[in-house]
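Trainee: You'll find run-v2.txt just under this line, and it carries compact mmCIF, C-alpha atoms and all ligand atoms.
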# COMPACT_ATOMS: atom_id res chain seq x y z
CA MET B 1 17.89 -43.99 -11.17
CA GLU B 2 18.82 -47.29 -9.70
CA LEU B 3 19.30 -49.05 -6.37
CA GLU B 4 21.91 -51.82 -6.40
CA LEU B 5 22.12 -54.19 -3.46
CA LEU B 6 25.83 -54.62 -2.75
CA GLY B 7 25.22 -57.08 0.06
CA THR B 8 22.15 -58.88 1.43
CA GLY B 9 23.55 -60.95 4.29
CA THR B 10 23.24 -60.61 8.03
CA SER B 11 26.17 -59.60 10.24
CA HIS B 12 28.12 -62.86 9.71
CA GLY B 13 27.59 -62.87 5.96
CA ILE B 14 26.95 -66.15 4.15
CA PRO B 15 28.82 -68.46 4.19
CA VAL B 16 29.37 -68.05 7.92
CA ILE B 17 33.02 -68.69 8.83
CA SER B 18 33.47 -72.37 9.77
CA CYS B 19 29.81 -73.30 9.12
CA THR B 20 29.12 -76.44 7.09
CA CYS B 21 25.33 -76.16 6.87
CA ASP B 22 23.50 -76.67 3.55
CA VAL B 23 23.14 -72.92 2.95
CA CYS B 24 26.76 -72.06 3.73
CA THR B 25 27.96 -74.85 1.43
CA SER B 26 25.36 -74.17 -1.29
CA VAL B 27 26.63 -73.82 -4.87
CA ASP B 28 23.82 -71.36 -5.73
CA SER B 29 25.52 -67.96 -6.21
CA ARG B 30 22.47 -66.27 -4.65
CA ASP B 31 23.41 -67.99 -1.36
CA LYS B 32 26.65 -66.00 -1.16
CA ARG B 33 25.68 -62.92 0.78
CA LEU B 34 28.08 -60.13 1.72
CA ARG B 35 27.17 -57.80 4.57
CA ALA B 36 24.14 -55.56 3.90
CA SER B 37 24.78 -52.42 1.88
CA ALA B 38 23.24 -50.61 -1.09
CA LEU B 39 24.20 -48.11 -3.75
CA ILE B 40 21.94 -45.48 -5.30
CA ARG B 41 22.90 -44.24 -8.76
CA LEU B 42 21.26 -40.94 -9.68
CA ASP B 43 20.57 -40.00 -13.31
CA ASN B 44 23.06 -37.13 -13.05
CA GLY B 45 25.92 -39.57 -12.37
CA MET B 46 26.08 -39.02 -8.60
CA THR B 47 26.28 -42.11 -6.41
CA ILE B 48 25.13 -42.56 -2.82
CA LEU B 49 26.23 -45.43 -0.60
CA ILE B 50 23.94 -46.74 2.14
CA ASP B 51 26.24 -48.20 4.84
CA SER B 52 29.95 -48.93 4.46
CA GLY B 53 30.18 -52.48 5.77
CA PRO B 54 33.39 -54.47 6.25
CA GLU B 55 33.24 -55.65 2.61
CA PHE B 56 32.82 -52.19 1.08
CA ARG B 57 36.09 -52.46 -0.87
CA ILE B 58 35.09 -55.78 -2.45
CA GLN B 59 31.58 -54.48 -3.15
CA ALA B 60 32.89 -51.27 -4.73
CA LEU B 61 35.18 -53.26 -7.03
CA ARG B 62 32.38 -55.64 -7.99
CA ALA B 63 30.01 -52.74 -8.71
CA GLY B 64 32.64 -50.89 -10.76
CA LEU B 65 32.31 -47.88 -8.50
CA SER B 66 34.21 -44.92 -9.95
CA ARG B 67 32.53 -42.12 -8.08
CA LEU B 68 31.01 -41.74 -4.62
CA ASP B 69 29.38 -38.53 -3.44
CA THR B 70 28.02 -39.36 -0.01
CA VAL B 71 27.28 -42.11 2.52
CA LEU B 72 23.97 -42.49 4.36
CA PHE B 73 24.18 -44.66 7.45
CA THR B 74 21.33 -46.75 8.82
CA HIS B 75 23.04 -47.37 12.18
CA SER B 76 26.46 -47.98 13.70
CA HIS B 77 26.66 -51.78 13.98
CA ALA B 78 29.97 -53.18 12.76
CA ASP B 79 28.42 -54.92 9.75
CA HIS B 80 27.20 -51.51 8.48
CA THR B 81 30.16 -49.25 9.26
CA HIS B 82 33.49 -51.04 9.40
CA GLY B 83 34.48 -50.36 5.80
CA LEU B 84 34.31 -46.58 6.24
CA ASP B 85 38.08 -46.14 5.87
CA ASP B 86 37.88 -47.35 2.26
CA VAL B 87 35.79 -44.37 1.10
CA ARG B 88 39.02 -42.36 1.32
CA ILE B 89 39.83 -42.93 -2.34
CA PHE B 90 36.83 -40.71 -3.10
CA THR B 91 37.76 -37.92 -0.65
CA HIS B 92 41.06 -36.64 -2.08
CA THR B 93 39.69 -33.40 -3.49
CA GLN B 94 36.97 -32.51 -1.01
CA ASP B 95 35.35 -33.63 2.23
CA MET B 96 32.58 -36.16 1.67
CA PRO B 97 29.31 -35.43 3.48
CA ILE B 98 28.14 -38.40 5.54
CA TYR B 99 24.74 -38.55 7.18
CA ALA B 100 23.86 -40.56 10.29
CA GLU B 101 21.31 -40.60 13.09
CA GLN B 102 22.92 -38.74 15.99
CA ARG B 103 23.66 -41.76 18.20
CA CYS B 104 25.21 -43.49 15.18
CA ALA B 105 27.22 -40.33 14.36
CA GLN B 106 28.58 -40.24 17.90
CA GLU B 107 29.62 -43.90 17.71
CA ILE B 108 31.31 -43.32 14.35
CA ARG B 109 33.27 -40.43 15.90
CA GLU B 110 34.43 -42.70 18.74
CA ARG B 111 35.15 -45.79 16.68
CA PHE B 112 36.94 -43.91 13.89
CA ALA B 113 38.50 -41.27 16.16
CA TYR B 114 41.61 -41.01 13.95
CA ILE B 115 39.48 -39.62 11.11
CA PHE B 116 38.50 -36.64 13.25
CA HIS B 117 41.92 -35.95 14.81
CA ARG B 118 44.67 -33.93 13.22
CA THR B 119 47.31 -36.35 12.00
CA GLN B 120 50.59 -36.03 10.13
CA GLU B 121 50.60 -35.01 6.47
CA GLY B 122 50.53 -37.96 4.11
CA GLY B 123 48.72 -40.28 6.49
CA GLY B 124 45.95 -41.88 4.48
CA LYS B 125 42.54 -41.37 5.99
CA PRO B 126 39.14 -40.40 4.67
CA HIS B 127 38.21 -36.73 4.68
CA ILE B 128 34.59 -36.61 5.69
CA LYS B 129 32.05 -34.18 7.02
CA LEU B 130 29.83 -36.09 9.44
CA ILE B 131 26.32 -34.67 9.63
CA SER B 132 24.18 -35.89 12.49
CA ILE B 133 20.42 -36.29 12.14
CA GLU B 134 18.13 -36.04 15.13
CA ALA B 135 15.61 -38.87 14.86
CA GLU B 136 15.51 -40.83 18.12
CA SER B 137 12.14 -39.51 19.35
CA ALA B 138 10.62 -40.17 15.93
CA ALA B 139 12.07 -43.70 15.83
CA GLN B 140 10.47 -44.38 19.20
CA GLY B 141 7.14 -43.14 17.91
CA GLU B 142 6.86 -40.44 20.58
CA ALA B 143 4.00 -37.99 20.24
CA ASN B 144 5.21 -34.64 18.82
CA ALA B 145 8.50 -36.27 17.83
CA TYR B 146 10.90 -34.29 15.69
CA TYR B 147 10.85 -35.73 12.19
CA PRO B 148 14.07 -35.08 10.26
CA PRO B 149 13.52 -33.29 6.94
CA PRO B 150 14.62 -34.75 3.59
CA ILE B 151 18.24 -34.34 2.52
CA ASP B 152 18.94 -32.78 -0.88
CA ILE B 153 21.58 -34.68 -2.82
CA GLY B 154 22.11 -33.58 -6.40
CA GLY B 155 18.61 -32.12 -6.50
CA MET B 156 17.03 -35.37 -5.27
CA GLN B 157 15.17 -35.48 -1.99
CA ILE B 158 16.28 -38.38 0.18
CA ILE B 159 13.89 -38.98 3.05
CA PRO B 160 15.12 -40.41 6.39
CA ILE B 161 12.73 -43.03 7.79
CA PRO B 162 13.18 -43.43 11.58
CA ALA B 163 12.64 -46.96 12.92
CA MET B 164 13.74 -49.13 15.85
CA HIS B 165 16.25 -52.02 15.80
CA GLY B 166 15.54 -53.57 19.20
CA SER B 167 16.17 -50.61 21.53
CA ILE B 168 18.31 -48.54 19.17
CA PRO B 169 17.05 -45.93 16.71
CA VAL B 170 17.93 -46.56 13.07
CA LEU B 171 17.21 -44.84 9.79
CA GLY B 172 15.78 -46.27 6.61
CA TRP B 173 16.06 -44.16 3.47
CA ARG B 174 13.52 -43.35 0.76
CA ILE B 175 14.26 -41.93 -2.66
CA GLY B 176 11.44 -41.47 -5.15
CA ASP B 177 9.26 -44.57 -5.20
CA THR B 178 11.83 -46.80 -3.48
CA ALA B 179 12.77 -47.34 0.17
CA TYR B 180 15.53 -49.31 1.90
CA LEU B 181 15.03 -50.34 5.54
CA THR B 182 17.40 -52.93 6.91
CA ASP B 183 17.88 -53.97 10.56
CA CYS B 184 14.59 -53.05 12.15
CA SER B 185 12.06 -54.62 14.47
CA ALA B 186 9.48 -51.81 14.65
CA ILE B 187 8.41 -48.94 12.41
CA PRO B 188 6.42 -46.14 14.06
CA GLU B 189 3.15 -44.95 12.56
CA ALA B 190 4.52 -41.63 11.31
CA SER B 191 7.30 -43.44 9.45
CA LEU B 192 4.74 -45.71 7.80
CA ASP B 193 3.16 -42.47 6.49
CA ARG B 194 6.49 -41.63 4.87
CA LEU B 195 6.39 -44.97 3.07
CA LYS B 196 3.07 -44.47 1.27
CA GLY B 197 2.93 -44.91 -2.49
CA LEU B 198 6.07 -47.02 -2.81
CA THR B 199 6.78 -49.12 -5.85
CA ASN B 200 9.80 -50.85 -4.30
CA LEU B 201 10.58 -51.71 -0.69
CA VAL B 202 13.72 -53.49 0.46
CA ILE B 203 13.26 -54.60 4.07
CA GLY B 204 15.35 -56.54 6.57
CA ALA B 205 13.97 -60.04 7.25
CA LEU B 206 16.52 -62.14 9.12
CA ARG B 207 14.90 -65.58 9.28
CA GLU B 208 11.58 -67.17 10.22
CA ARG B 209 12.49 -67.81 13.89
CA PRO B 210 11.77 -64.72 16.02
CA HIS B 211 14.63 -62.37 16.90
CA SER B 212 14.66 -59.50 19.39
CA THR B 213 16.11 -56.87 17.04
CA HIS B 214 15.12 -57.98 13.53
CA PHE B 215 11.85 -58.69 11.74
CA SER B 216 11.22 -62.36 11.08
CA PHE B 217 9.93 -63.32 7.62
CA SER B 218 6.32 -63.33 8.92
CA GLN B 219 6.72 -59.96 10.63
CA ALA B 220 8.30 -58.46 7.52
CA VAL B 221 5.41 -59.76 5.40
CA SER B 222 2.91 -58.08 7.79
CA VAL B 223 4.79 -54.78 7.53
CA ILE B 224 4.94 -55.10 3.74
CA HIS B 225 1.17 -55.61 3.67
CA ARG B 226 0.63 -52.50 5.77
CA ILE B 227 2.94 -50.38 3.60
CA GLY B 228 1.60 -51.83 0.34
CA PRO B 229 4.50 -51.45 -2.10
CA GLN B 230 4.10 -52.99 -5.56
CA HIS B 231 7.18 -55.11 -5.01
CA ALA B 232 9.20 -56.04 -1.91
CA TRP B 233 12.50 -57.79 -1.28
CA PHE B 234 13.91 -59.31 1.91
CA THR B 235 17.48 -58.42 2.82
CA HIS B 236 19.88 -58.94 5.79
CA ILE B 237 19.22 -62.67 5.55
CA CYS B 238 20.88 -65.34 7.72
CA HIS B 239 21.81 -68.93 6.90
CA ASP B 240 18.61 -70.56 8.21
CA PHE B 241 17.16 -70.54 4.67
CA SER B 242 18.65 -70.81 1.19
CA HIS B 243 17.58 -68.30 -1.47
CA GLN B 244 15.36 -70.95 -3.07
CA GLY B 245 14.13 -71.96 0.40
CA ILE B 246 12.84 -68.41 0.99
CA ILE B 247 11.12 -68.39 -2.41
CA ASP B 248 9.44 -71.69 -1.48
CA TRP B 249 8.49 -70.38 1.99
CA LEU B 250 6.89 -67.30 0.42
CA ASP B 251 5.07 -69.39 -2.22
CA THR B 252 3.66 -71.64 0.50
CA ASN B 253 2.77 -69.01 3.09
CA HIS B 254 2.01 -65.93 0.98
CA PRO B 255 1.23 -67.11 -2.56
CA GLY B 256 0.70 -64.49 -5.23
CA LYS B 257 2.41 -61.72 -3.30
CA LYS B 258 5.17 -59.79 -5.02
CA ILE B 259 7.76 -60.51 -2.32
CA GLU B 260 11.13 -62.09 -3.03
CA PRO B 261 14.45 -62.59 -1.32
CA ALA B 262 17.04 -60.10 -2.57
CA TYR B 263 20.50 -61.23 -3.65
CA ASP B 264 23.86 -59.52 -3.99
CA GLY B 265 24.01 -57.51 -7.20
CA LEU B 266 20.23 -57.12 -7.57
CA ARG B 267 19.39 -53.85 -9.36
CA ILE B 268 16.07 -52.11 -8.86
CA THR B 269 14.89 -49.20 -11.01
CA ILE B 270 13.93 -46.11 -9.01
CA ARG B 271 11.40 -43.61 -10.35
ZN ZN P 301 23.13 -55.58 10.40
ZN ZN P 302 25.65 -72.00 7.80
ZN ZN P 303 22.25 -53.95 13.26
Please rewrite the model in this file as structure tokens.
Mentor:
Amino acid sequence: MELELLGTGTSHGIPVISCTCDVCTSVDSRDKRLRASALIRLDNGMTILIDSGPEFRIQALRAGLSRLDTVLFTHSHADHTHGLDDVRIFTHTQDMPIYAEQRCAQEIRERFAYIFHRTQEGGGKPHIKLISIEAESAAQGEANAYYPPPIDIGGMQIIPIPAMHGSIPVLGWRIGDTAYLTDCSAIPEASLDRLKGLTNLVIGALRERPHSTHFSFSQAVSVIHRIGPQHAWFTHICHDFSHQGIIDWLDTNHPGKKIEPAYDGLRITIR
């Protein structure tokens, strides 16, 4: 199995429209970051998309996507959802199941209301079955919180990992020895338990300056140390640092640790 990072940029992407900074004008291909999204390829040929950002169409073409079985959402922010319409090419023969934390599911229903209304025959729209996952109390780390059970996709157990992104609940996703958690600023204790024994962790790390809804590089490194994966990658990166600049920052501040910035197109083997 494999996780492919389709996009590793923050909500603006890199380059940022109209920005002339060194990172936005860099010629290093790793400094071109589409909005954050990932693809899981199972050994049985099934494919699972994590977030359908505004560049989903471009990402699907780049990745040679010929099949899509389901979408798992992390949360409803525009940079993670606004390409949802383009999954419709994969929904001609049957409704596609789509999983989202319940607040996210409600926002998807409102924002993409046309998908859920009866419309005239021939009107192109995705045919989806939106499945809402209760996880808010778990994301907030409440005692006796309800922890959502794993989802079975093609015989694989995909585990929702509740976390907080500022004041909103989000979901990370774990499959086998690999977890993907973008856009978060706190991970409750019980979710850290669900992240034990990881080989690979992809985690949102916006920049080094603090931010109210995202881990900074230093905060992400602390979380990585607590979780203890064999290898970790930063994603959802903004234009404060170039790709090489992050490598240098990690070498200086956390030498010898297996942490790297991710880049668009990175493929990670899942076991
Ligand atoms: Zn985001
Ligand atoms: Zn810039
Ligand atoms: Zn967000």
Trainee: Write as an NGL selection string the residues around ligand ZN 303 (chain P), taking 12 Å as the cut-off and counting all atoms listed in the file.
Mentor: :B and (9-12 or 35-37 or 51 or 53 or 73-81 or 104 or 163-171 or 181-185 or 204-206 or 211-215 or 236)
Trainee: Please return as a list in words every residue within 9 Å of (11.6, -43.8, 8.6), taking into account only C-alpha atoms and the file's own coordinates.
Mentor: Ala135, Ala138, Ala139, Tyr147, Ile159, Pro160, Ile161, Pro162, Ala163, Val170, Leu171, Gly172, Trp173, Arg174, Leu181, Ile187, Pro188, Ala190, Ser191, Leu192, Asp193, Arg194 and Leu195 of chain B
Trainee: Output C-alpha atoms for every residue in that selection, as a compact mmCIF listing (two decimals), in the coordinates of the input.
Mentor:
# COMPACT_ATOMS: atom_id res chain seq x y z
CA ALA B 135 15.61 -38.87 14.86
CA ALA B 138 10.62 -40.17 15.93
CA ALA B 139 12.07 -43.70 15.83
CA TYR B 147 10.85 -35.73 12.19
CA ILE B 159 13.89 -38.98 3.05
CA PRO B 160 15.12 -40.41 6.39
CA ILE B 161 12.73 -43.03 7.79
CA PRO B 162 13.18 -43.43 11.58
CA ALA B 163 12.64 -46.96 12.92
CA VAL B 170 17.93 -46.56 13.07
CA LEU B 171 17.21 -44.84 9.79
CA GLY B 172 15.78 -46.27 6.61
CA TRP B 173 16.06 -44.16 3.47
CA ARG B 174 13.52 -43.35 0.76
CA LEU B 181 15.03 -50.34 5.54
CA ILE B 187 8.41 -48.94 12.41
CA PRO B 188 6.42 -46.14 14.06
CA ALA B 190 4.52 -41.63 11.31
CA SER B 191 7.30 -43.44 9.45
CA LEU B 192 4.74 -45.71 7.80
CA ASP B 193 3.16 -42.47 6.49
CA ARG B 194 6.49 -41.63 4.87
CA LEU B 195 6.39 -44.97 3.07
Trainee: Using all atoms listed in the file, determine which residues lie at most 10 Å from B:Ile89, disregarding the query and same-chain residues fewer than 2 positions distant; provide the list as a count of residues only.
Mentor: 13
Trainee: What separation in Å, quoted to one decimal, exists between atom CA of B:Tyr180 and atom CA of B:Ile224?
Mentor: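 Pair atom CA of B:Tyr180 / atom CA of B:Ile224 returns 12.2 Å.
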Trainee: Between atom CA of B:Ser132 and atom CA of B:Gln102, measure the distance and give it in Å to one decimal.
Mentor: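 That distance, rounded to one decimal, is 4.7 Å.
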Trainee: Using all atoms listed in the file, which of the listed residues (B:Ile237, B:Ala179, B:Ala262, B:Leu49) sits closest to ligand ZN 302 (chain P)?
Mentor: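 Smallest distance to ligand ZN 302 (chain P) is found for B:Ile237.
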Trainee: Given the choices B:Gly245, B:Pro229, B:Gly83, B:Pro15, which gets closest to ligand ZN 302 (chain P) if the distance is worked out from all atoms listed in the file?
Mentor: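 Closest to ligand ZN 302 (chain P), using all atoms listed in the file: B:Pro15.
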Trainee: Hey, which residues sit close to ligand ZN 302 (chain P)? Say within 8 Å, counting all atoms listed in the file, and write them as a PyMOL selection string.
Mentor: chain B and resi 14-16+19-25+239-240
Trainee: Please, what distance in Å, to one decimal, runs between atom CA of B:Ala232 and atom CA of B:Glu4?
Mentor: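 Going from atom CA of B:Ala232 over to atom CA of B:Glu4 covers 14.1 Å.
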Trainee: Considering only C-alpha atoms, return as a PDB file with C-alpha atoms, keeping the file's coordinate frame whatever protein or nucleic-acid residues lie within 9 Å of B:Ile247, sequence-local ones (same chain, fewer than 5 positions apart) excluded.
Mentor:
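The resulting file, selection-v4.pdb, is reproduced below:
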ATOM      1  CA  SER B 242      18.650 -70.810   1.190  1.00  0.00           C
ATOM      2  CA  THR B 252       3.660 -71.640   0.500  1.00  0.00           C
ATOM      3  CA  ILE B 259       7.760 -60.510  -2.320  1.00  0.00           C
ATOM      4  CA  GLU B 260      11.130 -62.090  -3.030  1.00  0.00           C
ATOM      5  CA  PRO B 261      14.450 -62.590  -1.320  1.00  0.00           C
TER       6      PRO B 261
END
Trainee: Counting all atoms listed in the file, which residue out of B:Gly154, B:Pro97, B:Gly7, B:Pro149 sits closest to B:Arg41?
Mentor: B:Gly154
